Amino acid sequence: MQKDAIGNFNLETMLGVLPDRIFVISAESVFLKVYGGTDINIEYVNEQLIGKSFYDLFSDDLPRAKHYHGVIQKAIETGETQKFMYELGPGLMPNVATHITLNSQEWYEGRIQRLPEDINGEPAVVWIVRNVTESEKAKLDLKKMSEVDYLTNILNKRSFTAKTLQSLNKPHKTQSTLLLLDIDHFKNVNDQYGHLVGDEVIKRVAKIMSEQVRSHDYVGRVGGEEFAVLLTQADFEQAVNVAERIRCAIEGDAFNFSGEDLAITISIGLSQTQQGERDIKELYHRADIALYASKNHGRNQVQSYSARLN
């Protein structure tokens with residue numbers, strides 16, 4: 001491009017092809033101008049947005065509108081750039097004619113700065129939006145990798161313990177029950193069929209367990225072939241029924257590898273939380289005693305902790 005052509009280049013055309021979206025917004029959160037946004041997946045005719053406020057865009061989510069308006073007010077009052085992360089998804093702006101290509105939530109970083117001059121006698125800000133979905137998803141993936149067992153995709157021991165502690169220390173919590181589960185004669189499976197088949201058995205058992213509990217319960221792998229389940233809202237009878245359902249589902253599943261059926265069963269020990277209990281060690285200890293009672297009485301059964309087992 002020739003040097004003298006740069007000065008004649010239309011500024012709005014340049015702004016229109018920026019990857020970030022740029023909004024000029026009044027102190028009352030009314031949109032005055034819109035530029036750019038080639039990396040933003042929410043598309044609309046700019047004129048449909050001009051003259052509307054956050055309260056128009058998010059008429060069904062007033063806390064969000066108030067929050068965004070508050071960020072603008074803070075930028076104007078302090079003169080400092082405000083930065084914050086937020087999520088957007090399909091169907092969030094019903095009062096604007098939009099073409100939304102999102103099929104899931106996306107993350108955006110907003111940077112808001114007061115303009116040096118008022119517009120129409122009113123303070124205004126420039127709000128620059130950057131799509132940071134990829135980096136945020138990468139962070140979430142890393143967090144998930146640190147929390148789940150690589151083989152079974154259920155919670156690893158550290159995360160299961162942390163979530164159990166959180167549950168025990170919740171105010172006004174209902175009684176919880178810990179199940180410890182161990183695959184019967186698992187060493188024989190590894191010795192006879194190899195570790196690859198053993199890994200497949202572990203994955204199948206974890207999957208079956210996860211299918212038998214509710215979304216607010218926790219399932220974790222706490223040892224080689226040992227698992228744990230925290231039933232967060234179950235009385236004794238309900239907990240025993242869940243444990244039996246898990247045991248029966250595993251016993252009745254067709255573990256078939258290379259045309260050969262494997263008879264896989266599981267032993268389960270059960271212990272309920274005691275009044276005011278906050279220490280996971282004693283809860284684990286009681287469930288472990290019950291688990292060994294299950295093994296010692298022939299395996300493939302559920303045993304509940306009682307003082308007589310000590």
# chains A, B, ... in the order shown; residues from 1 in each chain; ligands from 1
>>> select_by_dssp(residues="range 1-205 of chain A", states="strand (DSSP E or B)", output="PyMOL selection string")
chain A and resi 21-26+30-36+42-44+53+82-88+98-100+106-114+119+122+124-131+148+155+177-183
>>> residues_around(residues="Phe236 in chain A", least_positions_apart="3", cutoff="8 Å", atoms="only C-alpha atoms", output="list in words")
Thr177, Ala239, Val240 and Gln272 of chain A
>>> residues_around(residues="range 181-198 of chain A", least_positions_apart="6", cutoff="7 Å", atoms="only C-alpha atoms", output="PyMOL selection string")
chain A and resi 225-228+265-269+299
>>> atom_distance(atom1="CA of Phe84 in chain A", atom2="CA of Val71 in chain A")
8.8 Å
>>> residues_around(residues="Arg114 in chain A", least_positions_apart="4", cutoff="9 Å", atoms="only C-alpha atoms", output="list in words")
Ile72, Ala75, Ile76, Glu77, Thr78, Gly79, Glu80, Thr81, Pro123, Ala124, Val125, Val126 and Trp127 of chain A
>>> residues_around(residues="range 19-25 of chain A", least_positions_apart="6", cutoff="12 Å", atoms="only C-alpha atoms", output="MDAnalysis selection string")
chainID A and resid 12 31:44 46 49:54 68:69 71:73 75:76 108:115 118:120 122:132
>>> residues_around(residues="Val213 in chain A", least_positions_apart="3", cutoff="9 Å", atoms="only C-alpha atoms", output="PDB file with N, CA, C and O atoms, in the first residue's frame")
ATOM      1  N   MET A 209     -21.001 -48.146  38.626  1.00  0.00           N
ATOM      2  CA  MET A 209     -21.196 -47.437  39.892  1.00  0.00           C
ATOM      3  C   MET A 209     -21.761 -46.048  39.641  1.00  0.00           C
ATOM      4  O   MET A 209     -22.705 -45.617  40.312  1.00  0.00           O
ATOM      5  N   SER A 210     -21.183 -45.338  38.688  1.00  0.00           N
ATOM      6  CA  SER A 210     -21.616 -43.970  38.395  1.00  0.00           C
ATOM      7  C   SER A 210     -23.064 -43.926  37.933  1.00  0.00           C
ATOM      8  O   SER A 210     -23.783 -42.961  38.204  1.00  0.00           O
ATOM      9  N   HIS A 216     -25.810 -35.607  42.752  1.00  0.00           N
ATOM     10  CA  HIS A 216     -25.197 -34.903  43.882  1.00  0.00           C
ATOM     11  C   HIS A 216     -24.370 -35.831  44.768  1.00  0.00           C
ATOM     12  O   HIS A 216     -23.877 -35.411  45.817  1.00  0.00           O
ATOM     13  N   ASP A 217     -24.212 -37.094  44.373  1.00  0.00           N
ATOM     14  CA  ASP A 217     -23.319 -38.009  45.076  1.00  0.00           C
ATOM     15  C   ASP A 217     -21.945 -37.989  44.409  1.00  0.00           C
ATOM     16  O   ASP A 217     -21.799 -37.532  43.276  1.00  0.00           O
ATOM     17  N   TYR A 218     -20.937 -38.505  45.113  1.00  0.00           N
ATOM     18  CA  TYR A 218     -19.567 -38.508  44.587  1.00  0.00           C
ATOM     19  C   TYR A 218     -19.055 -39.940  44.448  1.00  0.00           C
ATOM     20  O   TYR A 218     -19.256 -40.780  45.328  1.00  0.00           O
ATOM     21  N   VAL A 219     -18.379 -40.186  43.328  1.00  0.00           N
ATOM     22  CA  VAL A 219     -17.783 -41.493  43.065  1.00  0.00           C
ATOM     23  C   VAL A 219     -16.300 -41.295  42.808  1.00  0.00           C
ATOM     24  O   VAL A 219     -15.911 -40.436  42.005  1.00  0.00           O
ATOM     25  N   VAL A 229     -17.800 -44.255  47.363  1.00  0.00           N
ATOM     26  CA  VAL A 229     -18.986 -43.489  46.993  1.00  0.00           C
ATOM     27  C   VAL A 229     -19.458 -42.741  48.227  1.00  0.00           C
ATOM     28  O   VAL A 229     -19.596 -43.339  49.299  1.00  0.00           O
ATOM     29  N   LEU A 231     -22.648 -40.895  49.518  1.00  0.00           N
ATOM     30  CA  LEU A 231     -24.067 -40.603  49.320  1.00  0.00           C
ATOM     31  C   LEU A 231     -24.397 -39.421  50.223  1.00  0.00           C
ATOM     32  O   LEU A 231     -24.425 -39.554  51.458  1.00  0.00           O
ATOM     33  N   VAL A 242     -28.881 -48.508  47.874  1.00  0.00           N
ATOM     34  CA  VAL A 242     -27.967 -48.088  46.806  1.00  0.00           C
ATOM     35  C   VAL A 242     -26.791 -49.051  46.708  1.00  0.00           C
ATOM     36  O   VAL A 242     -26.389 -49.465  45.611  1.00  0.00           O
ATOM     37  N   ILE A 246     -25.790 -51.351  43.463  1.00  0.00           N
ATOM     38  CA  ILE A 246     -24.470 -51.361  42.820  1.00  0.00           C
ATOM     39  C   ILE A 246     -23.940 -52.795  42.754  1.00  0.00           C
ATOM     40  O   ILE A 246     -23.455 -53.254  41.713  1.00  0.00           O
TER      41      ILE A 246
END
